[in-house]
Amino acid sequence: MRGNIILIVLAFGITSCGGSDGPGPPTSPQPPATTTGLAITSSTDLLKIKQSETFTLTATMSDGGTKNITGTWRSESPATASVDSGGRVTGIGAGETAISAESNGARATPLTIRVLPDYQGRWSGDWRVAGCTADGDWSLSDICREVPPGTLLSFGLVLTQDRDTATGTVTLDDVAGPVQGSIRLAGQLGVGGGFPVTEEGITIDVSVTEWETATIDNQQMTGRFVLVFREATFRGSVRFDGELRIVTKSSAMPVSAAGRKGQLRRALHGIIRR
């Protein structure tokens, strides 16, 4: 009988110990993560006129994570770039502007972008001789009478653009050579170059300087430049001031100087023959 009582007590003790596997005290719910910062991200800080890019507003959360969110977007200069409610930024005019965004009272650090024209491609048209000035031995020639102010000559330009730098080849009537330069903040293209041309076995040094042209629609270009001729045995130089008249971008090749003699070359030829 005593042995049975001991077994019952032991069984009761074992059953009591097994109760520790039950549910523990309730845990407190974690507070939802909150926004601790906002940032604007973009694949570029430069847009061409009429080009668009979607910017992203990213929130950093209190739990260490990040997520893309919607917000209210603003462009500091809508005349330079516009931005819609989804963060899509479109280049409008040359210059710089800051793109900002905010959400639930928090504001991201504005992102500064630059907008510039698209000069890459083939341009063709004509230019007008606005002035001709000769000095030294060149003043004894008839070149300014043979190519007088008001003369219209063909123009061609092929450019490759990398951000705000441009390189290519210019064709001014029948004189062609390489040019390179950059695009200013206000959008003007400034290129120049020096190269030789040969006429009747005589090498003439050509300089293209003081170039300032512009486009506001990526399709038509206006502006001015200076074309200078020099020759080693001639004192002085001759300078032509040129103004672009009607120059447009197209897929057609510009007029090539190769294999033809235009008005400039005929004038140079006449000087050399004398």
# chains A, B, ... in the order shown; residues from 1 in each chain; ligands from 1

$ residues_around --residues "Ile99 of chain A" --least-positions-apart "6" --cutoff "12 Å" --atoms "only C-alpha atoms" --output "ChimeraX atom specification"
/A:39-42,45,53-57,72-78,80-84,87-91,107-114

$ write_last_selection --atoms "C-alpha atoms" --output "PDB file, in the first residue's frame"
ATOM      1  CA  ALA A  39      16.908  60.982 -51.040  1.00  0.00           C
ATOM      2  CA  ILE A  40      16.464  61.685 -54.748  1.00  0.00           C
ATOM      3  CA  THR A  41      18.282  59.355 -57.134  1.00  0.00           C
ATOM      4  CA  SER A  42      18.758  59.529 -60.893  1.00  0.00           C
ATOM      5  CA  ASP A  45      22.744  64.760 -63.756  1.00  0.00           C
ATOM      6  CA  GLU A  53      14.423  60.862 -67.213  1.00  0.00           C
ATOM      7  CA  THR A  54      12.418  59.501 -64.277  1.00  0.00           C
ATOM      8  CA  PHE A  55      13.859  60.400 -60.881  1.00  0.00           C
ATOM      9  CA  THR A  56      13.215  58.255 -57.800  1.00  0.00           C
ATOM     10  CA  LEU A  57      12.341  59.325 -54.256  1.00  0.00           C
ATOM     11  CA  THR A  72       5.492  66.033 -54.266  1.00  0.00           C
ATOM     12  CA  TRP A  73       8.039  67.088 -56.904  1.00  0.00           C
ATOM     13  CA  ARG A  74       9.238  70.571 -57.833  1.00  0.00           C
ATOM     14  CA  SER A  75      11.658  72.159 -60.296  1.00  0.00           C
ATOM     15  CA  GLU A  76      13.376  75.341 -59.169  1.00  0.00           C
ATOM     16  CA  SER A  77      13.387  76.591 -62.777  1.00  0.00           C
ATOM     17  CA  PRO A  78      10.498  75.175 -64.865  1.00  0.00           C
ATOM     18  CA  THR A  80      14.965  74.821 -67.666  1.00  0.00           C
ATOM     19  CA  ALA A  81      13.356  71.497 -66.738  1.00  0.00           C
ATOM     20  CA  SER A  82       9.855  70.387 -65.841  1.00  0.00           C
ATOM     21  CA  VAL A  83       8.921  67.540 -63.474  1.00  0.00           C
ATOM     22  CA  ASP A  84       5.582  65.749 -63.188  1.00  0.00           C
ATOM     23  CA  GLY A  87       9.191  62.332 -60.889  1.00  0.00           C
ATOM     24  CA  ARG A  88       9.624  62.391 -64.680  1.00  0.00           C
ATOM     25  CA  VAL A  89      11.991  65.266 -65.512  1.00  0.00           C
ATOM     26  CA  THR A  90      12.091  66.762 -69.032  1.00  0.00           C
ATOM     27  CA  GLY A  91      14.695  69.186 -70.379  1.00  0.00           C
ATOM     28  CA  ARG A 107      12.144  67.050 -47.731  1.00  0.00           C
ATOM     29  CA  ALA A 108      14.931  65.447 -49.728  1.00  0.00           C
ATOM     30  CA  THR A 109      18.151  67.283 -50.541  1.00  0.00           C
ATOM     31  CA  PRO A 110      17.568  68.861 -53.997  1.00  0.00           C
ATOM     32  CA  LEU A 111      19.418  67.321 -56.939  1.00  0.00           C
ATOM     33  CA  THR A 112      21.020  69.808 -59.356  1.00  0.00           C
ATOM     34  CA  ILE A 113      20.868  68.915 -63.033  1.00  0.00           C
ATOM     35  CA  ARG A 114      22.083  70.598 -66.196  1.00  0.00           C
TER      36      ARG A 114
END

$ closest_atom_pairs --of "segment 27-105 of chain A" --to "segment 172-189 of chain A" --cutoff "12 Å" --atoms "only C-alpha atoms" --output "CSV"
residue,atom,partner,partner_atom,distance
A:Leu46,CA,A:Leu185,CA,11.6
A:Lys48,CA,A:Gly187,CA,10.2
A:Ile49,CA,A:Gly187,CA,10.0
A:Thr80,CA,A:Ala186,CA,10.4
A:Ile92,CA,A:Gly187,CA,11.7
A:Gly93,CA,A:Gly187,CA,8.2
A:Ala94,CA,A:Gly187,CA,5.1
A:Gly95,CA,A:Ala186,CA,5.4
A:Glu96,CA,A:Leu185,CA,7.6
A:Thr97,CA,A:Leu185,CA,11.4

$ closest_atom_pairs --of "segment 67-174 of chain A" --to "segment 229-233 of chain A" --cutoff "12 Å" --atoms "only C-alpha atoms" --output "CSV"
residue,atom,partner,partner_atom,distance
A:Cys132,CA,A:Phe229,CA,11.2
A:Thr133,CA,A:Phe229,CA,10.7
A:Ala134,CA,A:Phe229,CA,9.5
A:Asp135,CA,A:Arg230,CA,10.5
A:Gly136,CA,A:Arg230,CA,10.4
A:Asp137,CA,A:Thr233,CA,9.2
A:Trp138,CA,A:Arg230,CA,8.7
A:Ile143,CA,A:Phe229,CA,10.9

$ write_last_selection --atoms "C-alpha atoms" --output "JSON list (two decimals), in the first residue's frame"
[["chain", "number", "residue", "atom", "x", "y", "z"],
["A", 132, "CYS", "CA", 36.18, 90.72, -94.99],
["A", 133, "THR", "CA", 39.41, 92.29, -93.70],
["A", 134, "ALA", "CA", 42.85, 91.82, -95.24],
["A", 135, "ASP", "CA", 46.19, 93.14, -94.05],
["A", 136, "GLY", "CA", 49.85, 92.81, -95.01],
["A", 137, "ASP", "CA", 50.44, 91.18, -98.39],
["A", 138, "TRP", "CA", 46.84, 89.95, -98.40],
["A", 143, "ILE", "CA", 40.14, 88.51, -102.23]]

$ residues_around --residues "Gly242 of chain A" --least-positions-apart "6" --cutoff "8 Å" --atoms "only C-alpha atoms" --output "list in words"
Trp127, Arg128, Val129, Ala130, Gly131, Arg224, Phe225, Val226 and Leu227 of chain A

$ select_by_dssp --residues "segment 5-203 of chain A" --states "helix (DSSP H, G or I)" --output "number ranges by chain"
A: 5-21, 136-140, 143-146

$ atom_distance --atom1 "atom CA of Thr213 of chain A" --atom2 "atom CA of Arg145 of chain A"
26.9 Å

$ select_by_dssp --residues "segment 73-211 of chain A" --states "strand (DSSP E)" --output "compact mmCIF listing (two decimals) with C-alpha atoms, in the first residue's frame"
# COMPACT_ATOMS: atom_id res chain seq x y z
CA TRP A 73 8.04 67.09 -56.90
CA ARG A 74 9.24 70.57 -57.83
CA SER A 75 11.66 72.16 -60.30
CA ALA A 81 13.36 71.50 -66.74
CA SER A 82 9.86 70.39 -65.84
CA VAL A 83 8.92 67.54 -63.47
CA ARG A 88 9.62 62.39 -64.68
CA VAL A 89 11.99 65.27 -65.51
CA THR A 90 12.09 66.76 -69.03
CA GLY A 91 14.70 69.19 -70.38
CA GLY A 95 20.85 75.96 -67.94
CA GLU A 96 20.87 74.44 -64.46
CA THR A 97 18.04 73.78 -62.06
CA ALA A 98 17.44 71.94 -58.78
CA ILE A 99 14.86 69.15 -58.59
CA SER A 100 13.35 68.70 -55.12
CA ALA A 101 10.77 66.36 -53.55
CA GLU A 102 9.02 66.02 -50.22
CA SER A 103 6.70 63.55 -48.49
CA ALA A 106 10.08 65.53 -44.90
CA ARG A 107 12.14 67.05 -47.73
CA LEU A 111 19.42 67.32 -56.94
CA THR A 112 21.02 69.81 -59.36
CA ILE A 113 20.87 68.91 -63.03
CA ARG A 114 22.08 70.60 -66.20
CA VAL A 115 20.11 70.87 -69.43
CA LEU A 116 21.84 71.55 -72.73
CA GLY A 121 24.41 65.06 -85.82
CA ARG A 122 24.66 66.57 -89.28
CA TRP A 123 23.93 70.24 -89.88
CA SER A 124 23.74 71.87 -93.30
CA GLY A 125 22.69 75.15 -94.85
CA ASP A 126 24.51 78.33 -95.77
CA TRP A 127 26.40 81.20 -94.22
CA ARG A 128 26.76 84.85 -95.17
CA VAL A 129 30.02 86.77 -95.38
CA ALA A 130 29.35 89.61 -92.95
CA GLY A 131 32.78 91.18 -93.34
CA CYS A 132 36.18 90.72 -94.99
CA THR A 133 39.41 92.29 -93.70
CA ALA A 134 42.85 91.82 -95.24
CA LEU A 152 26.25 83.35 -99.46
CA LEU A 153 28.33 80.18 -99.16
CA SER A 154 27.47 76.59 -98.25
CA PHE A 155 27.83 75.32 -94.70
CA GLY A 156 28.15 71.81 -93.28
CA LEU A 157 28.91 70.54 -89.79
CA VAL A 158 29.09 66.99 -88.44
CA LEU A 159 29.37 66.77 -84.66
CA THR A 160 29.73 64.11 -81.99
CA GLN A 161 28.65 65.27 -78.53
CA ASP A 162 29.83 63.80 -75.22
CA THR A 165 32.03 68.63 -75.30
CA ALA A 166 31.77 68.42 -79.08
CA THR A 167 34.13 67.31 -81.84
CA GLY A 168 33.63 67.06 -85.56
CA THR A 169 34.26 68.48 -89.03
CA VAL A 170 33.15 71.80 -90.46
CA THR A 171 32.75 72.54 -94.17
CA LEU A 172 32.77 76.23 -95.12
CA VAL A 175 37.24 74.48 -97.10
CA ALA A 176 36.89 71.64 -94.57
CA GLY A 177 38.67 70.60 -91.40
CA PRO A 178 38.33 69.39 -87.80
CA VAL A 179 36.88 71.46 -84.96
CA GLN A 180 36.33 70.83 -81.27
CA GLY A 181 35.04 72.71 -78.26
CA SER A 182 32.40 72.81 -75.56
CA ILE A 183 28.84 73.86 -74.79
CA LEU A 189 28.27 76.01 -78.78
CA GLY A 190 31.86 77.20 -78.95
CA VAL A 191 34.19 75.25 -81.24
CA GLY A 192 37.28 76.07 -83.20
CA GLY A 193 40.18 74.54 -85.03
CA GLY A 194 43.19 75.00 -87.23
CA PHE A 195 44.10 72.96 -90.30
CA PRO A 196 45.96 73.30 -93.61
CA VAL A 197 44.54 73.38 -97.12
CA THR A 198 46.67 73.06 -100.24
CA GLU A 199 46.14 75.10 -103.40
CA ILE A 202 50.93 76.05 -101.64
CA THR A 203 49.87 75.31 -98.07
CA ILE A 204 47.48 77.80 -96.54
CA ASP A 205 46.80 77.71 -92.81
CA VAL A 206 43.12 77.97 -91.92
CA SER A 207 41.80 78.99 -88.51
CA VAL A 208 38.18 78.81 -87.38
CA THR A 209 37.76 81.01 -84.30
CA GLU A 210 35.28 83.10 -82.27
CA TRP A 211 32.59 80.49 -82.90

$ closest_residue --among "A:Thr36, A:Ser141, A:Gln263, A:Thr248" --to "Lys67 of chain A" --atoms "only C-alpha atoms"
A:Thr36

$ closest_residue --among "A:Ala59, A:Ile69, A:Val238, A:Leu264" --to "Leu140 of chain A" --atoms "only C-alpha atoms"
A:Val238

$ atom_distance --atom1 "atom CA of Tyr119 of chain A" --atom2 "atom CA of Glu243 of chain A"
17.7 Å

$ residues_around --residues "Ala267 of chain A" --least-positions-apart "4" --cutoff "9 Å" --atoms "only C-alpha atoms" --output "PyMOL selection string"
chain A and resi 142-144+146-147+262-263+271-272

$ closest_residue --among "A:Thr35, A:Asn104, A:Gln51, A:Ser43" --to "Asp217 of chain A" --atoms "only C-alpha atoms"
A:Gln51

$ decode --residues "segment 79-91 of chain A" --atoms "C-alpha atoms" --output "CSV table (one decimal), in the first residue's frame"
chain,number,residue,atom,x,y,z
A,79,ALA,CA,11.9,77.0,-67.9
A,80,THR,CA,15.0,74.8,-67.7
A,81,ALA,CA,13.4,71.5,-66.7
A,82,SER,CA,9.9,70.4,-65.8
A,83,VAL,CA,8.9,67.5,-63.5
A,84,ASP,CA,5.6,65.7,-63.2
A,85,SER,CA,3.9,64.1,-60.2
A,86,GLY,CA,5.7,60.8,-60.9
A,87,GLY,CA,9.2,62.3,-60.9
A,88,ARG,CA,9.6,62.4,-64.7
A,89,VAL,CA,12.0,65.3,-65.5
A,90,THR,CA,12.1,66.8,-69.0
A,91,GLY,CA,14.7,69.2,-70.4
